[in-house]
Amino acid sequence: MSRYFSIISKTIFILVLLCCTGSLFAESESTDLNVTDQSAMLNSTDEQTRIDAAVELLKSSSSQARQVLLKALENKENPAVQVSICKALVQFRNFPNLVPDRNDFLVPLMTIIRTQNGEMATLAARASLMYSYQKVKNYIKNIIDDPALSDSIKKNAIYALQIRPDKEAVSMLVNLLDSKDVKLASAAADALTEWIPAANDEKLWLRKAKGLKYKSRTDVFREKLLTQEEKTRRLCDEVVEWQKRYVSSLEIIYLNTADEESRGKFIAENLAFDQSPVKQWAIEKINMWRKSGKPLPLDILQKPLVNLVSDPDPAIRLATAKLLGVLTNVNSVDALFTQLKEESKPDVKTQILISLAYVCNFALSPGAEIEISSEVRTETLKIAADFLKDSNPIAAAEVIRNLLLQNGLEEAQVKPYFKLIANMFKKADDEQTRGRLLEEMARLCGSDSFYMTIAGGIFNDIFAESINSKNNQIATPAVIGLIRIDQISAFELLKKKGFANHPSMKVRSELVSIAGQMGTADDLDWLGPIVKNAESDDEEKQAVDAMMNIFQHCHADVLFKWVQEFAFLAKTKKNELILARTRALFEMAEKKAEADQDMQLLFSIRYSMAQYCSDLEWYDLAAKYYGILLQSGFDPAQAPQITAKLLNVHLYSGQAEAVKQIVTNFLLSSDFLPDAELAMVLNDYFMKNKDAQQSKRIFDAIASIKIPADNPRPLWTAQLEEWEVFMKLILKMKEDPNISEKSDMPAEPNTLEK
């Protein structure tokens, strides 16, 4: 009997809640059009603001307000406002009488279902729950029967039936199972799984579904209740169903509460509620608020939340302990510590230990406002060691690590716990546990650990042995721990053992990181292959940056060697990182060679830089460096070759005047000899360049060169005539693609033959 009294009492509570909610809506009823609400609904960029404004306009009996709503609801050009009005209407589905003349919205809602898809149609279907089945059935039937409408539109109508708590709606769905429209019948079957659970035996399922038509209204809804209980596996009776509905109503109220202080108070009230699902909802709301990044109103939430640490329900205690473990700025030490000593559930006690350790670590940090006694710290350590060392060594190590990161204990108090972790590692059978314990040991050896020296002395041998494991889950934290104890020695040892080629990217990353800080030119030989064969962009960037740091301390000849490697890699991989670093390395090598006054090396670097830029079609930069090389006059024997390369750069960048100047200078001292490098560059350009207009500009420029009468250049004149014929044909072929290149192409210019 007590069970039924409980059900009745909770049912009455929900009805009272709904009545109270209805009275809240009724209190703000207005007969005048609220211009502010109208503007907010039509113009606000915030959806909740639009919904709130629509709610106020819906409660108004003003004909102007009604026209504004209807016009906006029918306006497909502003779907955001349509959505907001539908969401506002959905809020009234349990108390439709609060909407004056609500029948005005029936046709617009049905029109949306008939003409729109997606969220709009779904919301319109939900809003239609304001009306009885009798009012909407003909609209829905017309949509389903209309052959001109698409399958997706008909599915809108099916959904509108599916969500209706009416036997008649179920009967219509059952009738549709025999539809000749296969897609329509399938959609009806999917909808009916809300009333009869899907089964492997299709014929049996169809027989049960069709049997719904002959059941009483009570029996139909009993079928749906049993189906929902089967789906959720936890809704075992009507009490749980009411609890679910109540939590849903809390969600609606919470979402319709825009003010954050009011939201905080609402959560605090429900933290003190007597039902566990409600407390779970409130705890989750705090967690979501925390994740949003917005500051929590701890002055409102702290006390009721901390009180739940000793809640009668173990699930609530567990959820609260987890949340307090991340809310380390909440002063929950005393509550967690008190419950720790009384807790009987092993999983809850473990979580309390973990969370208490995190809170203590925060409280012991410099500048923290929370204070804890040394007794809490030492006793928590003892409880963790006794309770977890055999059953959950990973949790034990995590708790110990958090409690021993900060100062405040004597060496004699700390050492036994570090030795305990070492012993747990030695006793552990599975490699996952050993790997996690090594991670905790490595953290205790980090720079943020006050007792890192003591930890290093105890864990060093374990790390040194474990780095040889073939399991990366063990080798990786062991490498990290060894590096944290003594970076220099570990770096040399790991390089000697060949860990630069370790299969674990994390291990390689640790070595690369050290190399970037203290590496020498010798380390470039193993960093280079990592850049070349990196498994990820991050690994490539880390290795490149490490090499660039080392280059700062290398001689120019070392830089020149590696810049050529980088240049080849840049052209091969063609990514922005390598391209940028290669150029920077060229400039670094150039400056160092210049500072060392090593002119031979400087010439080689600039020559390579010019060639590199030319290959990448960075013509302006290539021209700059070829120009510098010519001006330096370091090696006169290479001047013709460099001039030819400079000419090539100007040709392909379309610098007609620069080309003309180079050719003019050449003709001042010599006729256009067929075997001259300039001649071969020009011929190659005219034969290979596919930009006919650019070639024409170049030709026109060099053809305009004035040859003095007293210093004729007959070979040059003859060559120009051949190029002119060649250019005319190229342009003609461009205008008429049907001209045969082989039949109409003249003999290649003489210089090409020679």
# chains A, B, ... in the order shown; residues from 1 in each chain; ligands from 1

call {"tool": "residues_around", "arguments": {"residues": "Asp596 (chain A)", "least_positions_apart": "4", "cutoff": "9 Å", "atoms": "only C-alpha atoms", "output": "ChimeraX atom specification"}}
result
/A:556,591-592

call {"tool": "residues_around", "arguments": {"residues": "Glu535 (chain A)", "least_positions_apart": "3", "cutoff": "8 Å", "atoms": "only C-alpha atoms", "output": "list in words"}}
result
Met505, Glu539 and Glu540 of chain A

call {"tool": "residues_around", "arguments": {"residues": "Lys541 (chain A)", "least_positions_apart": "4", "cutoff": "12 Å", "atoms": "only C-alpha atoms", "output": "JSON, numbers by chain"}}
result
{"A": [509, 512, 513, 516, 527, 528, 530, 531, 532, 533, 534, 535, 536, 537, 545, 546, 547, 548, 575, 576, 577, 578, 580, 581]}

call {"tool": "atom_distance", "arguments": {"atom1": "CA of Ile153 (chain A)", "atom2": "CA of Arg114 (chain A)"}}
result
6.0 Å

call {"tool": "select_by_dssp", "arguments": {"residues": "region 437-600 of chain A", "states": "alpha helix (DSSP H)", "output": "PyMOL selection string"}}
result
chain A and resi 437-444+452-466+472-485+487-496+505-518+524-533+537-551+556-573+576-596+599-600

call {"tool": "residues_around", "arguments": {"residues": "Ile421 (chain A)", "least_positions_apart": "4", "cutoff": "10 Å", "atoms": "only C-alpha atoms", "output": "list in words"}}
result
Ala385, Lys389, Pro393, Ile394, Ala396, Ala397, Glu398, Ile400, Arg401, Pro416, Tyr417, Phe425, Lys426, Lys427, Leu437, Leu438, Glu440, Met441, Ile458 and Phe459 of chain A

call {"tool": "residues_around", "arguments": {"residues": "Glu343 (chain A)", "least_positions_apart": "3", "cutoff": "12 Å", "atoms": "only C-alpha atoms", "output": "list in words"}}
result
Val309, Ser310, Asp311, Pro312, Asp313, Pro314, Arg317, Leu318, Ala321, Ala335, Leu336, Phe337, Thr338, Gln339, Leu340, Pro346, Asp347, Val348, Lys349, Thr350, Gln351, Ile352, Leu353, Ile383 and Phe387 of chain A

call {"tool": "write_last_selection", "arguments": {"atoms": "N, CA and C atoms", "output": "PDB file, in the first residue's frame"}}
result
ATOM      1  N   VAL A 309      27.670  15.121  -0.096  1.00  0.00           N
ATOM      2  CA  VAL A 309      28.750  14.145   0.107  1.00  0.00           C
ATOM      3  C   VAL A 309      28.290  13.029   1.038  1.00  0.00           C
ATOM      4  N   SER A 310      27.382  13.335   1.962  1.00  0.00           N
ATOM      5  CA  SER A 310      26.887  12.328   2.918  1.00  0.00           C
ATOM      6  C   SER A 310      25.446  11.915   2.610  1.00  0.00           C
ATOM      7  N   ASP A 311      25.002  12.064   1.373  1.00  0.00           N
ATOM      8  CA  ASP A 311      23.636  11.708   0.979  1.00  0.00           C
ATOM      9  C   ASP A 311      23.383  10.219   1.204  1.00  0.00           C
ATOM     10  N   PRO A 312      22.142   9.842   1.535  1.00  0.00           N
ATOM     11  CA  PRO A 312      21.852   8.408   1.742  1.00  0.00           C
ATOM     12  C   PRO A 312      22.055   7.557   0.488  1.00  0.00           C
ATOM     13  N   ASP A 313      21.901   8.142  -0.699  1.00  0.00           N
ATOM     14  CA  ASP A 313      22.023   7.385  -1.944  1.00  0.00           C
ATOM     15  C   ASP A 313      23.487   7.321  -2.374  1.00  0.00           C
ATOM     16  N   PRO A 314      24.060   6.115  -2.488  1.00  0.00           N
ATOM     17  CA  PRO A 314      25.473   5.997  -2.906  1.00  0.00           C
ATOM     18  C   PRO A 314      25.752   6.639  -4.264  1.00  0.00           C
ATOM     19  N   ARG A 317      26.281  10.274  -3.706  1.00  0.00           N
ATOM     20  CA  ARG A 317      27.584  10.513  -3.066  1.00  0.00           C
ATOM     21  C   ARG A 317      28.704  10.394  -4.096  1.00  0.00           C
ATOM     22  N   LEU A 318      28.595   9.403  -4.975  1.00  0.00           N
ATOM     23  CA  LEU A 318      29.621   9.189  -6.002  1.00  0.00           C
ATOM     24  C   LEU A 318      29.667  10.369  -6.976  1.00  0.00           C
ATOM     25  N   ALA A 321      31.103  13.470  -5.224  1.00  0.00           N
ATOM     26  CA  ALA A 321      32.555  13.378  -5.027  1.00  0.00           C
ATOM     27  C   ALA A 321      33.298  13.644  -6.335  1.00  0.00           C
ATOM     28  N   ALA A 335      34.166  17.961   4.648  1.00  0.00           N
ATOM     29  CA  ALA A 335      33.040  17.079   4.340  1.00  0.00           C
ATOM     30  C   ALA A 335      33.525  15.779   3.704  1.00  0.00           C
ATOM     31  N   LEU A 336      34.457  15.884   2.768  1.00  0.00           N
ATOM     32  CA  LEU A 336      34.986  14.683   2.119  1.00  0.00           C
ATOM     33  C   LEU A 336      35.739  13.808   3.110  1.00  0.00           C
ATOM     34  N   PHE A 337      36.518  14.439   3.976  1.00  0.00           N
ATOM     35  CA  PHE A 337      37.316  13.678   4.936  1.00  0.00           C
ATOM     36  C   PHE A 337      36.415  12.960   5.945  1.00  0.00           C
ATOM     37  N   THR A 338      35.382  13.647   6.411  1.00  0.00           N
ATOM     38  CA  THR A 338      34.443  13.032   7.360  1.00  0.00           C
ATOM     39  C   THR A 338      33.744  11.832   6.726  1.00  0.00           C
ATOM     40  N   GLN A 339      33.270  12.003   5.500  1.00  0.00           N
ATOM     41  CA  GLN A 339      32.570  10.909   4.824  1.00  0.00           C
ATOM     42  C   GLN A 339      33.522   9.769   4.484  1.00  0.00           C
ATOM     43  N   LEU A 340      34.781  10.102   4.212  1.00  0.00           N
ATOM     44  CA  LEU A 340      35.774   9.075   3.897  1.00  0.00           C
ATOM     45  C   LEU A 340      35.873   8.057   5.024  1.00  0.00           C
ATOM     46  N   PRO A 346      32.841   0.567  -1.540  1.00  0.00           N
ATOM     47  CA  PRO A 346      34.230   0.669  -2.028  1.00  0.00           C
ATOM     48  C   PRO A 346      34.414   1.650  -3.192  1.00  0.00           C
ATOM     49  N   ASP A 347      33.492   1.638  -4.174  1.00  0.00           N
ATOM     50  CA  ASP A 347      33.667   2.529  -5.319  1.00  0.00           C
ATOM     51  C   ASP A 347      33.513   3.992  -4.921  1.00  0.00           C
ATOM     52  N   VAL A 348      32.575   4.253  -3.993  1.00  0.00           N
ATOM     53  CA  VAL A 348      32.382   5.630  -3.523  1.00  0.00           C
ATOM     54  C   VAL A 348      33.583   6.068  -2.690  1.00  0.00           C
ATOM     55  N   LYS A 349      34.081   5.178  -1.854  1.00  0.00           N
ATOM     56  CA  LYS A 349      35.228   5.515  -1.008  1.00  0.00           C
ATOM     57  C   LYS A 349      36.461   5.817  -1.868  1.00  0.00           C
ATOM     58  N   THR A 350      36.640   5.036  -2.937  1.00  0.00           N
ATOM     59  CA  THR A 350      37.764   5.287  -3.842  1.00  0.00           C
ATOM     60  C   THR A 350      37.659   6.670  -4.467  1.00  0.00           C
ATOM     61  N   GLN A 351      36.456   7.018  -4.926  1.00  0.00           N
ATOM     62  CA  GLN A 351      36.275   8.330  -5.556  1.00  0.00           C
ATOM     63  C   GLN A 351      36.465   9.464  -4.551  1.00  0.00           C
ATOM     64  N   ILE A 352      36.008   9.264  -3.337  1.00  0.00           N
ATOM     65  CA  ILE A 352      36.200  10.300  -2.308  1.00  0.00           C
ATOM     66  C   ILE A 352      37.691  10.505  -2.047  1.00  0.00           C
ATOM     67  N   LEU A 353      38.441   9.420  -1.988  1.00  0.00           N
ATOM     68  CA  LEU A 353      39.891   9.522  -1.801  1.00  0.00           C
ATOM     69  C   LEU A 353      40.542  10.313  -2.933  1.00  0.00           C
ATOM     70  N   ILE A 383      44.962   6.113   4.854  1.00  0.00           N
ATOM     71  CA  ILE A 383      43.750   5.410   4.407  1.00  0.00           C
ATOM     72  C   ILE A 383      43.925   4.936   2.966  1.00  0.00           C
ATOM     73  N   PHE A 387      43.734   1.089   2.083  1.00  0.00           N
ATOM     74  CA  PHE A 387      42.507   0.697   1.381  1.00  0.00           C
ATOM     75  C   PHE A 387      42.747   0.337  -0.087  1.00  0.00           C
TER      76      PHE A 387
END

call {"tool": "closest_atom_pairs", "arguments": {"of": "region 527-621 of chain A", "to": "region 635-641 of chain A", "cutoff": "12 Å", "atoms": "only C-alpha atoms", "output": "CSV"}}
result
residue,atom,partner,partner_atom,distance
A:Met599,CA,A:Asp635,CA,10.3
A:Gln600,CA,A:Asp635,CA,9.2
A:Leu602,CA,A:Asp635,CA,11.9
A:Phe603,CA,A:Asp635,CA,8.7
A:Ser604,CA,A:Asp635,CA,10.8
A:Tyr607,CA,A:Gln638,CA,10.7

call {"tool": "write_last_selection", "arguments": {"atoms": "N, CA and C atoms", "output": "short mmCIF file (atom, residue, chain, number, x, y, z; two decimals), in the first residue's frame"}}
result
data_model
loop_
_atom_site.label_atom_id
_atom_site.label_comp_id
_atom_site.auth_asym_id
_atom_site.auth_seq_id
_atom_site.Cartn_x
_atom_site.Cartn_y
_atom_site.Cartn_z
N MET A 599 84.48 34.03 -48.40
CA MET A 599 83.87 34.46 -49.65
C MET A 599 83.49 33.28 -50.56
N GLN A 600 84.32 32.24 -50.54
CA GLN A 600 84.01 31.06 -51.36
C GLN A 600 82.69 30.43 -50.90
N LEU A 602 80.36 31.91 -49.09
CA LEU A 602 79.29 32.89 -49.29
C LEU A 602 78.77 32.82 -50.72
N PHE A 603 79.72 32.71 -51.69
CA PHE A 603 79.33 32.60 -53.10
C PHE A 603 78.48 31.34 -53.31
N SER A 604 78.90 30.23 -52.73
CA SER A 604 78.17 28.96 -52.91
C SER A 604 76.77 29.03 -52.31
N TYR A 607 74.60 31.27 -54.48
CA TYR A 607 74.30 30.59 -55.74
C TYR A 607 73.20 29.54 -55.52
#

call {"tool": "atom_distance", "arguments": {"atom1": "CA of Leu403 (chain A)", "atom2": "CA of Glu379 (chain A)"}}
result
10.7 Å

call {"tool": "closest_residue", "arguments": {"among": "A:Lys571, A:Lys470, A:Lys419, A:Lys154", "to": "Glu431 (chain A)", "atoms": "only C-alpha atoms"}}
result
A:Lys470

call {"tool": "residues_around", "arguments": {"residues": "Ala187 (chain A)", "least_positions_apart": "3", "cutoff": "12 Å", "atoms": "only C-alpha atoms", "output": "number ranges by chain"}}
result
A: 144, 151-162, 173-174, 176-179, 181-184, 190-193

call {"tool": "residues_around", "arguments": {"residues": "Leu364 (chain A)", "least_positions_apart": "3", "cutoff": "12 Å", "atoms": "only C-alpha atoms", "output": "list of chain:residue names"}}
result
A:Thr328, A:Asn329, A:Val333, A:Ala357, A:Tyr358, A:Val359, A:Cys360, A:Asn361, A:Gly367, A:Ala368, A:Glu369, A:Ile370, A:Glu371, A:Ile372, A:Ser373, A:Ser374, A:Val376, A:Arg377, A:Asn402, A:Leu403, A:Leu404, A:Leu405, A:Gln406, A:Asn407, A:Gly408, A:Leu409, A:Phe450
